[in-house]
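The next block holds one structure in the form of structure tokens; read it before the comments.
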There are 2 protein chains.
Amino acid sequence: MPGTDRYQQHRAQAIRAAASVFSEKGFHGATTRDIAERLGIKQGSLYYYFRSKEEALEEVCLFGIRDYVLRMDQIAASDQPFEAKLMAVLTSHLSSYRERNEALKVHNDERLYLPSGKRTRLKELGTHYREKLEHIFEEGVADGTLRDSLDCHFAAQSVIGICNAWGDIIVRDPDLDMFAVIQKCADLLLDGFRERRGADSAAVADSGHG
Amino acid sequence: MPGTDRYQQHRAQAIRAAASVFSEKGFHGATTRDIAERLGIKQGSLYYYFRSKEEALEEVCLFGIRDYVLRMDQIAASDQPFEAKLMAVLTSHLSSYRERNEALKVHNDERLYLPSGKRTRLKELGTHYREKLEHIFEEGVADGTLRDSLDCHFAAQSVIGICNAWGDIIVRDPDLDMFAVIQKCADLLLDGFRERRGADSAAVADSGHG
DNA sequence: GCGCCATTCTATAAGCCTATAGAACCTTTA
DNA sequence: TAAAGGTTCTATAGGCTTATAGAATGGCGC
């Protein structure tokens, strides 16, 4: 029954199972039987935890999202130099991909199938996330770390794009060194690819990972 | 009948309709009725053009892909300075997104549902694409345009990630100025975000689109 | 041992989907 | 106008899916 501890734990398991199956087969491709099997129960029993297949999708899409956005808030509000904030954002974003593996893959594709209310709520969270990141970049411009000509909206969107692209790769290849990827992302974002004769272009704050 | 010109034209229309519906609803979410309706015919008639729903997906996934990869080959083989090649790649990649709109969205997600033979073929094409881009970067390092420390594999993957992220945005917002996005991508990739006192950081080859 | 309640099971209704078969329609050519 | 063949239509079989109803199971306090 909703309320007991055991119930909540089992329900969380069910959400994970649904996330896993949705991300493999897509929302419509996944059947309630698939989800139940992954969970080790029978198809009909699933309805003890979800009112419908759609409710399962809703839960999957919101699973952990709040933590993730909250972390961005904390980084944005923190008192660190720009480079450290950037590293923190990259780390948080890419770590989330590893931690929440299936769920995140679902967010990218399957939110299509959410009822429009939940869909706009998710979109709002995404916008909030981008705006916070944008704000970090604006600070970087203000304090002279970043070039004046930087389009902060473009910058924020691009960083999210890069993180998502690498997130997908990181999820699929567990052996990949995430911190190496983070470091290279930071190098790219701060200093670009171009050769600079007589300039030290590896000046990214070492955050102590390895 | 396969062979006649009219048939081939109508079949291409059917592929487009399928692409459009698949990208909206996903492979399993799309019904043959949806596709037929978008095309203006009845559900059963679709089977005059496709042996099955899966065959429709195959056609969608391969639609135009060859042209797209071929263009990368041409750019890679061309005799232009690095900056020009980079601009050409960005332009080609992002233009493809606009041109082939729905089909490309499908490639990213729905290829899951392809029979494994077709799936690996697509993957090969993707790998080929990335390797060519990687090669362009290696040349850039060799001729001194790019820094020696650049990880070309990382660079190629990141550029593709950025292009795909912006491609998604460009497709959804027809008013967005694609060439402005391309220019900013090039700025980011070549010179990064960091302020450089006393350096001209806007030195990207003007390819004549402004 | 007994009753209680949470959890899972079985069985099934009702609906939708793909694919096929064969009729109907339309266009071209003679 | 008639014949031929390309294109689309109607109708339907057969299978799979979600969601519900109600029975069975298992642990726990007494």
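Naming works like this for the structure tokens: A, B, ... for the chains as they're shown, residue 1 at the start of each chain, ligands 1 onward in shown order.
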At most 12 Å is the cut-off: for each residue in chain A with any atom that close to an atom of chain C, write down the nearest atom pair and the distance in Å rounded to one decimal, counting only C-alpha atoms (C1' of nucleotides), chain first then increasing number, as JSON lines.
{"residue": "A:Met1", "atom": "CA", "partner": "C:DA6", "partner_atom": "C1'", "distance": 6.6}
{"residue": "A:Pro2", "atom": "CA", "partner": "C:DA6", "partner_atom": "C1'", "distance": 10.2}
{"residue": "A:Gly3", "atom": "CA", "partner": "C:DA6", "partner_atom": "C1'", "distance": 11.4}
{"residue": "A:Thr4", "atom": "CA", "partner": "C:DA6", "partner_atom": "C1'", "distance": 9.5}
{"residue": "A:Asp5", "atom": "CA", "partner": "C:DA6", "partner_atom": "C1'", "distance": 11.7}
{"residue": "A:Arg6", "atom": "CA", "partner": "C:DA6", "partner_atom": "C1'", "distance": 9.8}
{"residue": "A:Tyr7", "atom": "CA", "partner": "C:DA6", "partner_atom": "C1'", "distance": 8.9}
{"residue": "A:His10", "atom": "CA", "partner": "C:DT7", "partner_atom": "C1'", "distance": 10.6}
{"residue": "A:Ala36", "atom": "CA", "partner": "C:DT8", "partner_atom": "C1'", "distance": 11.5}
{"residue": "A:Gly40", "atom": "CA", "partner": "C:DT8", "partner_atom": "C1'", "distance": 10.7}
{"residue": "A:Ile41", "atom": "CA", "partner": "C:DT8", "partner_atom": "C1'", "distance": 7.5}
{"residue": "A:Lys42", "atom": "CA", "partner": "C:DC9", "partner_atom": "C1'", "distance": 7.3}
{"residue": "A:Gln43", "atom": "CA", "partner": "C:DC9", "partner_atom": "C1'", "distance": 9.5}
{"residue": "A:Gly44", "atom": "CA", "partner": "C:DC9", "partner_atom": "C1'", "distance": 8.1}
{"residue": "A:Ser45", "atom": "CA", "partner": "C:DT8", "partner_atom": "C1'", "distance": 6.0}
{"residue": "A:Leu46", "atom": "CA", "partner": "C:DT8", "partner_atom": "C1'", "distance": 9.3}
{"residue": "A:Tyr47", "atom": "CA", "partner": "C:DT8", "partner_atom": "C1'", "distance": 10.6}
{"residue": "A:Tyr48", "atom": "CA", "partner": "C:DT7", "partner_atom": "C1'", "distance": 8.4}
{"residue": "A:Tyr49", "atom": "CA", "partner": "C:DT7", "partner_atom": "C1'", "distance": 10.5}
Would you save the residues of that selection, restricted to N, CA, C and O atoms, as a compact mmCIF listing (two decimals), in the first residue's frame?
# COMPACT_ATOMS: atom_id res chain seq x y z
N MET A 1 0.85 -1.21 0.00
CA MET A 1 0.00 0.00 0.00
C MET A 1 0.87 1.24 0.00
O MET A 1 1.87 1.28 0.71
N PRO A 2 0.54 2.22 -0.77
CA PRO A 2 1.27 3.48 -0.73
C PRO A 2 1.39 3.94 0.71
O PRO A 2 0.40 4.01 1.43
N GLY A 3 2.56 4.26 1.13
CA GLY A 3 2.77 4.69 2.51
C GLY A 3 3.81 3.81 3.17
O GLY A 3 4.77 4.33 3.73
N THR A 4 3.66 2.51 3.10
CA THR A 4 4.66 1.64 3.69
C THR A 4 6.01 1.78 2.99
O THR A 4 6.09 2.15 1.82
N ASP A 5 7.04 1.48 3.73
CA ASP A 5 8.39 1.67 3.25
C ASP A 5 8.72 0.67 2.17
O ASP A 5 9.29 1.01 1.13
N ARG A 6 8.34 -0.56 2.45
CA ARG A 6 8.59 -1.64 1.49
C ARG A 6 7.97 -1.31 0.13
O ARG A 6 8.58 -1.51 -0.91
N TYR A 7 6.75 -0.79 0.19
CA TYR A 7 6.06 -0.42 -1.05
C TYR A 7 6.88 0.60 -1.85
O TYR A 7 7.09 0.44 -3.05
N HIS A 10 9.90 -0.98 -3.45
CA HIS A 10 9.56 -1.81 -4.61
C HIS A 10 9.12 -0.95 -5.78
O HIS A 10 9.40 -1.24 -6.94
N ALA A 36 7.48 -6.04 -16.38
CA ALA A 36 7.20 -6.96 -15.28
C ALA A 36 8.24 -8.07 -15.23
O ALA A 36 8.75 -8.39 -14.16
N GLY A 40 10.71 -9.31 -12.40
CA GLY A 40 10.50 -10.62 -11.82
C GLY A 40 9.10 -10.84 -11.27
O GLY A 40 8.89 -11.65 -10.38
N ILE A 41 8.13 -10.11 -11.78
CA ILE A 41 6.75 -10.34 -11.39
C ILE A 41 5.91 -10.54 -12.65
O ILE A 41 6.44 -10.46 -13.76
N LYS A 42 4.63 -10.80 -12.49
CA LYS A 42 3.77 -11.03 -13.65
C LYS A 42 3.18 -9.70 -14.14
O LYS A 42 3.04 -8.74 -13.38
N GLN A 43 2.81 -9.72 -15.40
CA GLN A 43 2.35 -8.50 -16.06
C GLN A 43 1.27 -7.75 -15.28
O GLN A 43 1.37 -6.55 -15.06
N GLY A 44 0.25 -8.47 -14.88
CA GLY A 44 -0.86 -7.81 -14.20
C GLY A 44 -0.47 -7.15 -12.88
O GLY A 44 -1.04 -6.13 -12.49
N SER A 45 0.54 -7.73 -12.22
CA SER A 45 0.94 -7.23 -10.91
C SER A 45 1.52 -5.83 -10.96
O SER A 45 1.54 -5.11 -9.96
N LEU A 46 1.98 -5.47 -12.14
CA LEU A 46 2.60 -4.15 -12.29
C LEU A 46 1.61 -3.05 -11.92
O LEU A 46 2.01 -1.98 -11.43
N TYR A 47 0.34 -3.31 -12.11
CA TYR A 47 -0.68 -2.29 -11.90
C TYR A 47 -0.93 -2.02 -10.42
O TYR A 47 -1.73 -1.19 -10.05
N TYR A 48 -0.23 -2.78 -9.61
CA TYR A 48 -0.22 -2.46 -8.18
C TYR A 48 0.66 -1.23 -7.94
O TYR A 48 0.44 -0.48 -7.00
N TYR A 49 1.63 -1.00 -8.80
CA TYR A 49 2.55 0.12 -8.62
C TYR A 49 2.25 1.32 -9.52
O TYR A 49 2.57 2.45 -9.18
Output the contact residues of chain D with respect to chain B at a cut-off of 10 Å, based on only C-alpha atoms (C1' of nucleotides), as a list in words.
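Close to chain B, chain D has DG5, DG6, DT7, DT8, DC9 and DT10 of chain D.
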Per residue of chain A within 7 Å of chain B, which atom pair is closest and at what distance in Å (one decimal), using only C-alpha atoms, listed by chain and increasing number, as a Markdown table?
| residue | atom | partner | partner_atom | distance |
| --- | --- | --- | --- | --- |
| A:His28 | CA | B:Gly29 | CA | 5.2 |
| A:Gly29 | CA | B:His28 | CA | 5.2 |
| A:Gly144 | CA | B:Glu195 | CA | 6.6 |
| A:Thr145 | CA | B:Glu195 | CA | 5.6 |
| A:Leu146 | CA | B:Arg194 | CA | 4.2 |
| A:Arg147 | CA | B:Glu195 | CA | 3.9 |
| A:Leu150 | CA | B:Phe193 | CA | 6.7 |
| A:Ser158 | CA | B:Ile162 | CA | 6.2 |
| A:Gly161 | CA | B:Ala165 | CA | 4.9 |
| A:Ile162 | CA | B:Gly161 | CA | 5.6 |
| A:Ala165 | CA | B:Gly161 | CA | 4.8 |
| A:Leu188 | CA | B:Gly192 | CA | 6.1 |
| A:Leu189 | CA | B:Gly192 | CA | 4.9 |
| A:Leu190 | CA | B:Gly192 | CA | 4.7 |
| A:Asp191 | CA | B:Gly192 | CA | 4.2 |
| A:Gly192 | CA | B:Gly192 | CA | 3.9 |
| A:Phe193 | CA | B:Leu190 | CA | 4.8 |
| A:Arg194 | CA | B:Leu146 | CA | 4.2 |
| A:Glu195 | CA | B:Arg147 | CA | 3.9 |
Can you list, as a PyMOL selection string, every residue of chain A that DSSP puts in alpha helix (DSSP H)?
chain A and resi 5-25+32-39+53-62+65-77+82-110+116-142+152-172+178-191
